[in-house]
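Peer 1: See model16.cif below, with mmCIF, C-alpha atoms.
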```cif
data_structure
loop_
_atom_site.label_atom_id
_atom_site.label_comp_id
_atom_site.auth_asym_id
_atom_site.auth_seq_id
_atom_site.Cartn_x
_atom_site.Cartn_y
_atom_site.Cartn_z
CA MET U 1 0.00 0.00 0.00
CA THR U 2 1.07 3.63 -0.51
CA ASP U 3 1.94 6.04 2.31
CA MET U 4 -1.55 7.46 2.00
CA GLN U 5 -3.03 4.04 2.60
CA GLN U 6 -0.56 2.82 5.27
CA ARG U 7 1.00 5.07 7.91
CA PRO U 8 3.46 4.09 10.66
CA GLU U 9 1.43 5.61 13.49
CA GLU U 10 -1.45 3.33 12.56
CA GLU U 11 0.41 0.03 12.91
CA GLU U 12 -1.66 -0.74 15.98
CA ASP U 13 -4.78 -0.77 13.78
CA ASN U 14 -3.34 -3.78 11.93
CA ILE U 15 -3.26 -6.00 15.02
CA PRO U 16 -5.54 -8.97 14.19
CA SER U 17 -8.93 -8.87 15.89
CA PHE U 18 -9.17 -12.66 15.82
CA ILE U 19 -7.33 -15.65 17.30
CA ALA U 20 -6.07 -18.25 14.81
CA VAL U 21 -7.01 -21.90 15.38
CA GLY U 22 -3.31 -22.65 15.83
CA GLU U 23 -3.69 -21.36 19.40
CA LEU U 24 -5.74 -24.47 20.21
CA GLN U 25 -2.50 -26.46 20.23
CA LYS U 26 -1.61 -24.77 23.56
CA TYR U 27 -4.78 -26.31 25.03
CA GLY U 28 -4.02 -29.90 24.06
CA ILE U 29 -5.56 -30.03 20.59
CA GLN U 30 -3.45 -32.03 18.13
CA VAL U 31 -1.99 -30.36 15.04
CA ALA U 32 -3.68 -32.96 12.83
CA ASP U 33 -7.11 -31.95 14.18
CA ILE U 34 -6.29 -28.24 13.72
CA ASN U 35 -5.38 -28.94 10.09
CA LYS U 36 -8.74 -30.70 9.66
CA LEU U 37 -10.48 -27.54 10.85
CA LYS U 38 -8.51 -25.46 8.34
CA ALA U 39 -9.33 -27.91 5.56
CA GLY U 40 -12.99 -27.38 6.43
CA GLY U 41 -12.66 -23.61 6.01
CA ILE U 42 -12.43 -22.82 9.75
CA HIS U 43 -9.37 -20.70 10.55
CA THR U 44 -10.13 -18.85 13.79
CA VAL U 45 -11.27 -19.71 17.30
CA THR U 46 -14.37 -17.57 16.83
CA GLY U 47 -15.03 -19.44 13.58
CA VAL U 48 -15.08 -22.72 15.51
CA THR U 49 -17.65 -21.47 18.02
CA MET U 50 -19.80 -20.18 15.16
CA GLN U 51 -20.25 -23.75 13.89
CA THR U 52 -22.77 -26.30 15.11
CA LYS U 53 -21.60 -29.63 16.48
CA LYS U 54 -23.24 -31.28 13.51
CA ALA U 55 -21.17 -29.18 11.12
CA LEU U 56 -17.93 -29.88 13.01
CA THR U 57 -18.47 -33.65 13.24
CA SER U 58 -19.17 -33.71 9.50
CA LEU U 59 -15.53 -32.74 8.91
CA LYS U 60 -13.49 -35.79 7.95
CA GLY U 61 -11.59 -37.22 10.91
CA LEU U 62 -13.32 -35.28 13.70
CA SER U 63 -15.31 -37.47 16.10
CA GLU U 64 -17.87 -36.15 18.57
CA GLY U 65 -15.36 -36.55 21.41
CA LYS U 66 -12.73 -34.51 19.56
CA VAL U 67 -15.28 -31.81 18.74
CA ASP U 68 -16.28 -31.52 22.42
CA LYS U 69 -12.62 -31.15 23.39
CA ILE U 70 -12.06 -28.47 20.69
CA LEU U 71 -15.13 -26.49 21.78
CA GLU U 72 -14.05 -26.68 25.41
CA ALA U 73 -10.62 -25.29 24.46
CA CYS U 74 -12.28 -22.47 22.49
CA MET U 75 -14.37 -21.51 25.53
CA LYS U 76 -11.23 -21.30 27.67
CA ILE U 77 -9.51 -19.05 25.12
CA GLN U 78 -12.55 -16.78 24.92
CA ASN U 79 -12.93 -16.61 28.71
CA GLY U 80 -16.48 -17.90 28.91
CA LEU U 81 -19.76 -17.31 27.11
CA PHE U 82 -20.74 -13.82 28.28
CA ILE U 83 -19.20 -10.35 28.42
CA THR U 84 -20.48 -7.21 30.11
CA GLY U 85 -22.29 -4.47 28.24
CA PHE U 86 -19.31 -2.17 28.76
CA GLU U 87 -16.98 -4.79 27.23
CA CYS U 88 -19.36 -5.04 24.31
CA LEU U 89 -19.14 -1.25 23.93
CA HIS U 90 -15.34 -1.49 23.83
CA LYS U 91 -15.65 -4.18 21.17
CA ARG U 92 -17.94 -1.93 19.11
CA ALA U 93 -15.24 0.76 19.23
CA SER U 94 -13.32 -1.28 16.65
CA VAL U 95 -16.09 -0.73 14.06
CA VAL U 96 -14.87 1.33 11.11
CA LYS U 97 -17.02 3.28 8.64
CA LEU U 98 -15.96 3.25 4.99
CA THR U 99 -16.74 6.28 2.87
CA THR U 100 -18.93 5.69 -0.19
CA GLY U 101 -17.30 8.55 -2.10
CA SER U 102 -20.45 10.68 -1.83
CA LYS U 103 -20.65 13.23 1.00
CA SER U 104 -24.45 13.25 0.96
CA LEU U 105 -24.67 9.46 1.11
CA ASP U 106 -22.02 9.31 3.86
CA LYS U 107 -24.05 11.83 5.85
CA LEU U 108 -27.16 9.72 5.38
CA LEU U 109 -25.27 6.65 6.65
CA GLY U 110 -23.66 8.46 9.59
CA GLY U 111 -20.17 8.32 8.07
CA GLY U 112 -20.28 5.42 5.60
CA ILE U 113 -20.89 1.67 5.56
CA GLU U 114 -19.99 -0.16 8.78
CA THR U 115 -17.66 -3.08 9.34
CA GLN U 116 -19.00 -6.09 11.27
CA SER U 117 -22.31 -5.79 9.40
CA ILE U 118 -24.01 -6.36 6.04
CA THR U 119 -25.08 -3.42 3.87
CA GLU U 120 -27.41 -4.17 0.96
CA ALA U 121 -28.03 -1.82 -1.97
CA PHE U 122 -30.95 -2.76 -4.20
CA GLY U 123 -32.56 -1.17 -7.21
CA GLU U 124 -33.31 -1.71 -10.88
CA PHE U 125 -30.61 -1.69 -13.57
CA ARG U 126 -28.44 1.41 -14.04
CA THR U 127 -29.18 2.94 -10.64
CA GLY U 128 -25.56 2.98 -9.45
CA LYS U 129 -25.28 -0.22 -7.37
CA THR U 130 -22.19 -1.54 -9.12
CA GLN U 131 -20.68 1.95 -9.31
CA ILE U 132 -20.88 2.27 -5.52
CA ALA U 133 -19.27 -1.18 -5.26
CA HIS U 134 -16.39 -0.07 -7.50
CA THR U 135 -15.93 3.14 -5.50
CA LEU U 136 -15.92 1.25 -2.19
CA ALA U 137 -13.30 -1.13 -3.62
CA VAL U 138 -10.98 1.90 -3.76
CA THR U 139 -12.01 3.88 -0.67
CA ALA U 140 -11.72 0.81 1.58
CA GLN U 141 -7.96 0.90 0.90
CA LEU U 142 -7.57 4.47 2.20
CA ALA U 143 -6.11 5.22 5.62
CA ARG U 144 -8.72 5.23 8.37
CA GLN U 145 -8.47 8.96 9.00
CA ASP U 146 -9.26 9.47 5.30
CA GLY U 147 -12.46 7.44 5.49
CA GLY U 148 -11.03 4.05 4.54
CA GLY U 149 -10.48 0.70 6.19
CA GLN U 150 -6.76 0.43 5.45
CA GLY U 151 -7.07 -3.08 4.04
CA ARG U 152 -7.54 -5.19 0.94
CA VAL U 153 -10.85 -5.81 -0.83
CA ALA U 154 -12.51 -9.06 -1.92
CA TYR U 155 -14.87 -8.74 -4.90
CA ILE U 156 -17.14 -11.69 -5.74
CA ASP U 157 -18.78 -11.07 -9.12
CA THR U 158 -21.87 -13.12 -10.00
CA GLU U 159 -22.98 -11.20 -13.09
CA GLY U 160 -19.73 -10.31 -14.84
CA THR U 161 -20.10 -6.59 -14.05
CA PHE U 162 -16.67 -5.92 -12.52
CA ARG U 163 -14.59 -3.65 -14.76
CA PRO U 164 -10.98 -3.09 -13.61
CA GLU U 165 -10.64 -0.15 -16.02
CA ARG U 166 -13.27 1.71 -13.95
CA ILE U 167 -11.04 1.45 -10.88
CA GLY U 168 -8.32 3.67 -12.39
CA PRO U 169 -10.26 6.98 -12.52
CA ILE U 170 -11.55 6.41 -8.97
CA ALA U 171 -7.99 5.77 -7.74
CA ASP U 172 -6.88 9.00 -9.46
CA ARG U 173 -9.57 10.90 -7.60
CA TYR U 174 -7.99 9.88 -4.28
CA GLY U 175 -4.39 10.26 -5.44
CA LEU U 176 -3.67 6.53 -5.31
CA ASP U 177 -1.56 4.42 -7.63
CA ARG U 178 -3.84 2.61 -10.11
CA ASP U 179 -1.82 -0.60 -10.31
CA GLU U 180 -1.38 -0.84 -6.55
CA VAL U 181 -5.10 -0.36 -5.95
CA LEU U 182 -5.90 -3.15 -8.43
CA GLU U 183 -3.30 -5.42 -6.77
CA ASN U 184 -5.16 -4.97 -3.49
CA ILE U 185 -8.46 -6.18 -4.97
CA VAL U 186 -8.94 -9.96 -4.86
CA TYR U 187 -11.45 -10.84 -7.60
CA GLY U 188 -13.50 -14.01 -8.02
CA ARG U 189 -16.11 -14.79 -10.70
CA ALA U 190 -18.90 -17.09 -9.49
CA TYR U 191 -21.12 -19.13 -11.83
CA THR U 192 -23.38 -21.05 -9.43
CA HIS U 193 -24.61 -20.36 -5.90
CA GLU U 194 -22.42 -23.24 -4.68
CA HIS U 195 -19.41 -21.72 -6.43
CA GLN U 196 -20.29 -18.41 -4.77
CA ASP U 197 -20.28 -20.04 -1.32
CA ALA U 198 -16.96 -21.75 -2.11
CA LEU U 199 -15.41 -18.37 -2.94
CA VAL U 200 -16.68 -16.94 0.36
CA THR U 201 -15.08 -19.84 2.24
CA ALA U 202 -11.81 -19.40 0.32
CA ILE U 203 -11.60 -15.67 1.04
CA ALA U 204 -11.97 -16.34 4.77
CA ALA U 205 -8.68 -18.26 4.61
CA LYS U 206 -6.99 -15.23 3.01
CA MET U 207 -8.37 -12.93 5.70
CA VAL U 208 -6.41 -14.87 8.31
CA GLU U 209 -3.16 -14.09 6.48
CA GLU U 210 -3.82 -10.50 5.36
CA ARG U 211 -5.84 -7.50 6.51
CA PHE U 212 -9.10 -7.08 4.57
CA ALA U 213 -11.51 -4.19 5.02
CA LEU U 214 -14.32 -5.03 2.60
CA LEU U 215 -16.10 -7.99 1.00
CA ILE U 216 -18.35 -7.21 -1.99
CA VAL U 217 -20.86 -9.61 -3.55
CA ASP U 218 -22.34 -8.20 -6.76
CA SER U 219 -25.04 -9.41 -6.80
CA ILE U 220 -26.15 -11.64 -3.96
CA MET U 221 -29.32 -13.09 -5.51
CA ALA U 222 -28.46 -13.45 -9.22
CA LEU U 223 -27.24 -17.06 -9.02
CA PHE U 224 -29.88 -18.17 -6.52
CA ARG U 225 -32.46 -16.84 -8.95
CA VAL U 226 -31.00 -18.99 -11.75
CA ASP U 227 -30.22 -22.18 -9.81
CA PHE U 228 -33.64 -22.39 -8.14
CA SER U 229 -36.72 -21.99 -10.29
CA GLY U 230 -40.42 -21.93 -9.51
CA ARG U 231 -42.33 -22.04 -6.25
CA GLY U 232 -41.49 -25.72 -5.82
CA GLU U 233 -37.84 -24.86 -5.15
CA LEU U 234 -38.50 -21.64 -3.22
CA ALA U 235 -38.08 -23.25 0.22
CA GLY U 236 -34.77 -24.81 -0.81
CA ARG U 237 -33.58 -21.52 -2.26
CA GLN U 238 -34.37 -19.57 0.91
CA GLN U 239 -32.68 -22.17 3.09
CA ALA U 240 -29.52 -22.07 0.95
CA LEU U 241 -29.66 -18.26 0.92
CA GLY U 242 -29.98 -18.16 4.71
CA GLN U 243 -26.89 -20.34 5.12
CA SER U 244 -24.93 -18.17 2.67
CA LEU U 245 -25.91 -14.94 4.46
CA SER U 246 -25.08 -16.47 7.84
CA ARG U 247 -21.60 -17.27 6.52
CA LEU U 248 -21.15 -13.69 5.30
CA LEU U 249 -22.27 -12.19 8.61
CA LYS U 250 -19.91 -14.48 10.53
CA ILE U 251 -17.01 -13.33 8.34
CA ALA U 252 -17.98 -9.68 8.90
CA GLU U 253 -17.87 -10.11 12.69
CA GLU U 254 -14.94 -12.52 12.75
CA PHE U 255 -12.54 -10.35 10.71
CA ASN U 256 -14.04 -6.88 11.29
CA VAL U 257 -14.80 -6.33 7.60
CA ALA U 258 -17.70 -4.59 5.91
CA VAL U 259 -19.89 -6.75 3.67
CA PHE U 260 -21.53 -4.88 0.79
CA LEU U 261 -24.19 -6.68 -1.26
CA THR U 262 -25.99 -5.50 -4.36
CA ASN U 263 -29.42 -6.92 -5.10
CA GLN U 264 -32.02 -6.99 -7.84
CA VAL U 265 -35.66 -5.95 -7.60
CA THR U 266 -38.98 -7.33 -8.78
CA ALA U 267 -42.33 -5.73 -9.41
CA ASP U 268 -44.88 -6.36 -6.66
CA PRO U 269 -47.85 -8.04 -8.37
CA GLY U 270 -50.12 -7.55 -5.36
CA GLY U 271 -53.47 -5.85 -5.67
CA ALA U 272 -52.31 -2.85 -3.67
CA SER U 273 -49.45 -2.17 -6.11
CA MET U 274 -51.66 0.03 -8.28
CA PHE U 275 -51.94 2.49 -5.38
CA ILE U 276 -48.16 2.60 -4.72
CA ALA U 277 -46.01 5.09 -6.62
CA ASP U 278 -43.04 2.70 -6.79
CA PRO U 279 -44.17 -0.95 -6.38
CA LYS U 280 -40.69 -2.49 -6.84
CA LYS U 281 -39.28 -4.54 -3.97
CA PRO U 282 -35.97 -6.39 -3.42
CA ILE U 283 -35.84 -10.11 -4.04
CA GLY U 284 -34.67 -12.51 -1.34
CA GLY U 285 -37.68 -12.13 0.93
CA HIS U 286 -37.53 -11.91 4.70
CA VAL U 287 -34.37 -14.05 4.88
CA LEU U 288 -32.31 -11.33 3.23
CA ALA U 289 -34.22 -8.52 4.95
CA HIS U 290 -33.33 -9.88 8.40
CA ALA U 291 -29.68 -10.52 7.53
CA ALA U 292 -28.91 -7.02 6.24
CA THR U 293 -28.07 -4.43 8.90
CA THR U 294 -28.63 -1.57 6.46
CA ARG U 295 -30.77 -1.63 3.30
CA LEU U 296 -30.39 1.08 0.67
CA TYR U 297 -32.90 1.60 -2.13
CA LEU U 298 -31.44 3.25 -5.23
CA ARG U 299 -33.52 4.75 -8.00
CA LYS U 300 -33.00 7.06 -10.94
CA GLY U 301 -33.40 10.79 -10.40
CA LYS U 302 -33.22 13.71 -12.81
CA GLY U 303 -30.66 13.26 -15.57
CA GLU U 304 -27.63 11.44 -14.21
CA GLN U 305 -28.61 11.85 -10.55
CA ARG U 306 -29.36 8.84 -8.39
CA VAL U 307 -31.57 8.94 -5.31
CA CYS U 308 -30.86 6.73 -2.30
CA LYS U 309 -33.41 5.98 0.40
CA VAL U 310 -32.56 4.14 3.61
CA ARG U 311 -35.17 1.39 3.99
CA HIS U 312 -33.73 -0.08 7.17
CA THR U 313 -30.74 0.43 9.45
CA SER U 314 -29.81 -0.22 13.06
CA PHE U 315 -26.82 2.11 13.35
CA SER U 316 -26.68 5.31 15.36
CA TYR U 317 -24.74 8.47 14.67
CA THR U 318 -21.39 8.19 16.47
CA PRO U 319 -18.10 9.84 15.48
CA ARG U 320 -15.68 7.63 13.53
CA PHE U 321 -12.99 7.43 16.23
CA MET U 322 -15.04 7.95 19.39
CA THR U 323 -13.75 5.83 22.27
CA PRO U 324 -16.21 3.96 24.54
CA LEU U 325 -15.44 6.34 27.41
CA ALA U 326 -16.00 9.40 25.21
CA TRP U 327 -19.23 7.84 23.97
CA LEU U 328 -20.48 7.52 27.55
CA LYS U 329 -19.83 11.21 28.18
CA GLU U 330 -21.75 12.27 25.09
CA LYS U 331 -25.48 12.54 24.67
CA ARG U 332 -27.35 9.52 23.40
CA PRO U 333 -26.76 9.17 19.63
CA THR U 334 -29.71 10.06 17.44
CA LYS U 335 -31.37 7.35 15.44
CA LEU U 336 -31.50 7.81 11.68
CA LEU U 337 -34.91 8.95 10.53
CA MET U 338 -36.43 6.57 8.03
CA GLY U 339 -37.38 8.22 4.79
CA GLU U 340 -34.46 10.64 4.60
CA PHE U 341 -33.05 11.02 1.12
CA ALA U 342 -29.58 11.66 -0.27
CA ILE U 343 -29.04 12.72 -3.87
CA LEU U 344 -25.78 11.43 -5.27
CA PRO U 345 -24.05 14.18 -7.26
CA THR U 346 -23.17 13.47 -10.90
CA GLU U 347 -19.43 13.63 -10.14
CA THR U 348 -19.63 10.47 -8.02
CA THR U 349 -20.61 8.50 -11.13
CA VAL U 350 -17.51 7.50 -13.05
#
```
Using structure tokens, write down the structure from this file.

Peer 2:
Amino acid sequence: MTDMQQRPEEEEDNIPSFIAVGELQKYGIQVADINKLKAGGIHTVTGVTMQTKKALTSLKGLSEGKVDKILEACMKIQNGLFITGFECLHKRASVVKLTTGSKSLDKLLGGGIETQSITEAFGEFRTGKTQIAHTLAVTAQLARQDGGGQGRVAYIDTEGTFRPERIGPIADRYGLDRDEVLENIVYGRAYTHEHQDALVTAIAAKMVEERFALLIVDSIMALFRVDFSGRGELAGRQQALGQSLSRLLKIAEEFNVAVFLTNQVTADPGGASMFIADPKKPIGGHVLAHAATTRLYLRKGKGEQRVCKVRHTSFSYTPRFMTPLAWLKEKRPTKLLMGEFAILPTETTV
């Protein structure tokens, strides 16, 4: 990374927020069993506790007795099952907000998209979803005081919409080296929903070795829409989608990265749709709606303008670098008002 992206005084920010599964060896777990966990896509202690016993025993070579011993060791490392609310507040202090490249959209989001959570942007074609994804792929590499996450970016493309040549002008805007920015983007093209899940598992292994700030899936539902057809397969699709989203949320919390999803829309055929000005709704149903921390609805405005409406969010306005103690001394943060709008200026569209 360049000096703008990496600064000596911020070396402490690069301290891993996770504990690698190799630490289990100190608690009597054999190296062979640790390697079996890694082969199954589990690379951190938190990642182990996020799995069910059924999932762990399904890994080749791990018996129920071994799994119990591994889980017991994980509990010892994590010092029990509960933490205090104040400890939770300290943990939340590590959350970083990544700038979207638009001041008005950043203001709407209270500073940008959050790490440790899923942000979904949905809308019809040519509303700026992929453009925001491309911009975030650059801004996530900026230093934290410049609105970035100071890390690499993983980009999972399910529709063939990633264009590396669009990254260059965005990098120029922030004074970054084009080639270096592209080197810091790890790109994967997915062709089935199973392939998509395999890429998510593979990127988790890379996140153990290197600092990542952002994981993009563009788009989350495209392959599920193709691989599952008709109402007869709807239940299976939603179950597979739920497992995929659970995996993404676990990665977001495990490695302190932001997960940004784009999504398609469908027309609401309901009888009440004739009385609604804009009857379009995101696909994915309640499964996706519950998984996303923040949902952004993008639509076309006048000319080249794009309008963004926050449909759902659970964040509060807090300064980017506010410490837990400073937070306690401040007034209660204000909740974002639903229905606020931000107009993205033309210059944010490259």

Peer 1: Apply the PyMOL selection byres ((chain U and resi 178) around 10) to the displayed file and report the matching residues as a list in words.

Peer 2: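 With the shown file as input, the PyMOL selection byres ((chain U and resi 178) around 10) matches Val138, Pro164, Glu165, Ile167, Gly168, Pro169, Ile170, Ala171, Asp172, Gly175, Leu176, Asp177, Asp179, Glu180, Val181, Leu182 and Glu183 of chain U.
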
Peer 1: Give me, as JSON lines, the closest atom pair and its distance (Å, one decimal) for every residue of range 220-245 of chain U within a cut-off of 12 Å of range 291-294 of chain U, counting all atoms listed in the file, rows sorted by chain and rising number.

Peer 2:
```
{"residue": "U:Ile220", "atom": "CA", "partner": "U:Ala292", "partner_atom": "CA", "distance": 11.5}
{"residue": "U:Leu241", "atom": "CA", "partner": "U:Ala291", "partner_atom": "CA", "distance": 10.2}
{"residue": "U:Gly242", "atom": "CA", "partner": "U:Ala291", "partner_atom": "CA", "distance": 8.1}
{"residue": "U:Gln243", "atom": "CA", "partner": "U:Ala291", "partner_atom": "CA", "distance": 10.5}
{"residue": "U:Ser244", "atom": "CA", "partner": "U:Ala291", "partner_atom": "CA", "distance": 10.2}
{"residue": "U:Leu245", "atom": "CA", "partner": "U:Ala291", "partner_atom": "CA", "distance": 6.6}
```

Peer 1: Could you dump the residues just selected with C-alpha atoms as an mmCIF file, in the frame of the given file?

Peer 2:
```cif
data_model
loop_
_atom_site.group_PDB
_atom_site.id
_atom_site.type_symbol
_atom_site.label_atom_id
_atom_site.label_comp_id
_atom_site.auth_asym_id
_atom_site.auth_seq_id
_atom_site.Cartn_x
_atom_site.Cartn_y
_atom_site.Cartn_z
ATOM 1 C CA ILE U 220 -26.150 -11.640 -3.960
ATOM 2 C CA LEU U 241 -29.660 -18.260 0.920
ATOM 3 C CA GLY U 242 -29.980 -18.160 4.710
ATOM 4 C CA GLN U 243 -26.890 -20.340 5.120
ATOM 5 C CA SER U 244 -24.930 -18.170 2.670
ATOM 6 C CA LEU U 245 -25.910 -14.940 4.460
#
```

Peer 1: May I ask which of the residues U:Ala39, U:Ala289, U:Ala258, U:Val96 is the closest one to Leu136 in chain U, counting all atoms listed in the file?

Peer 2: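 Residue with the minimum atom-to-atom distance to Leu136 in chain U: U:Ala258.
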
Peer 1: Using all atoms listed in the file, which of U:Phe212, U:Met207, U:Gln25, U:Gly128 sits nearest Gln305 in chain U?

Peer 2: U:Gly128

Peer 1: Give me, as a CSV table (one decimal) with C-alpha atoms, in the coordinates of the input, all polymer residues having an atom no more than 9 Å from Val48 in chain U, counting all atoms listed in the file and skipping those fewer than 6 positions away in the same chain.

Peer 2:
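Once everything was written out, this is part-v3.csv:
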```
chain,number,residue,atom,x,y,z
U,21,VAL,CA,-7.0,-21.9,15.4
U,37,LEU,CA,-10.5,-27.5,10.8
U,42,ILE,CA,-12.4,-22.8,9.8
U,56,LEU,CA,-17.9,-29.9,13.0
U,70,ILE,CA,-12.1,-28.5,20.7
U,71,LEU,CA,-15.1,-26.5,21.8
U,74,CYS,CA,-12.3,-22.5,22.5
```

Peer 1: For CA of Gln51 in chain U and CA of Glu120 in chain U, quote the distance in Å rounded to one decimal.

Peer 2: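 The value is 24.5 Å.
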
Peer 1: Taking all atoms listed in the file into account, name the residue in U:Asn256, U:Leu288, U:Arg144, U:Gly41 that is nearest to Arg92 in chain U.

Peer 2: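 Looking only at the distances to Arg92 in chain U, the closest residue turns out to be U:Asn256.
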
Peer 1: Could you give me, as an NGL selection string, the residues within 6 Å of Gly151 in chain U, counting only C-alpha atoms and dropping anything in the same chain fewer than 2 positions from it?

Peer 2: :U and (141 or 149 or 211-213)

Peer 1: For the atom pair CA of Val217 in chain U and CA of Asp106 in chain U, what is the interatomic distance in Å to one decimal place?

Peer 2: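 Here the two named atoms are 20.4 Å from each other.
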
Peer 1: Given all atoms listed in the file as the basis, pick out the residue of U:Ala121, U:Val31, U:Cys308, U:Val287 nearest to Ala240 in chain U.

Peer 2: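 The closest residue to Ala240 in chain U is U:Val287.
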
Peer 1: Put the listed atoms of range 290-293 of chain U in a box along x, y and z with 4 Å added on every side and give me the centre and edge lengths in Å to one decimal, as JSON.

Peer 2:
```
{"center_x": -30.7, "center_y": -7.5, "center_z": 7.6, "size_x": 13.3, "size_y": 14.1, "size_z": 10.7}
```

Peer 1: Need the shell around Leu234 in chain U: protein/DNA/RNA residues with any atom at most 12 Å away, counting only C-alpha atoms. Skip same-chain ones fewer than 3 positions apart. Format as a list in words?

Peer 2: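 In the requested format, the answer is Phe224, Arg225, Val226, Asp227, Phe228, Ser229, Gly230, Arg231, Arg237, Gln238, Gln239, Ala240, Leu241, Ile283, Gly284, Gly285 and Val287 of chain U.
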
Peer 1: Find the distance between CA of Glu23 in chain U and CA of His43 in chain U and write it in Å to one decimal.

Peer 2: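 Taking CA of Glu23 in chain U and CA of His43 in chain U, their separation equals 10.5 Å.
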
Peer 1: Evaluated on this file, the PyMOL selection byres ((chain U and resi 251) around 10) picks out some residues - which ones are they, written as a list in words?

Peer 2: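 For this structure, the PyMOL selection byres ((chain U and resi 251) around 10) resolves to Thr46, Gly47, Gln116, Ser117, Val200, Thr201, Ile203, Ala204, Met207, Leu215, Leu245, Ser246, Arg247, Leu248, Leu249, Lys250, Ala252, Glu253, Glu254, Phe255, Asn256, Val257, Ala258 and Val259 of chain U.
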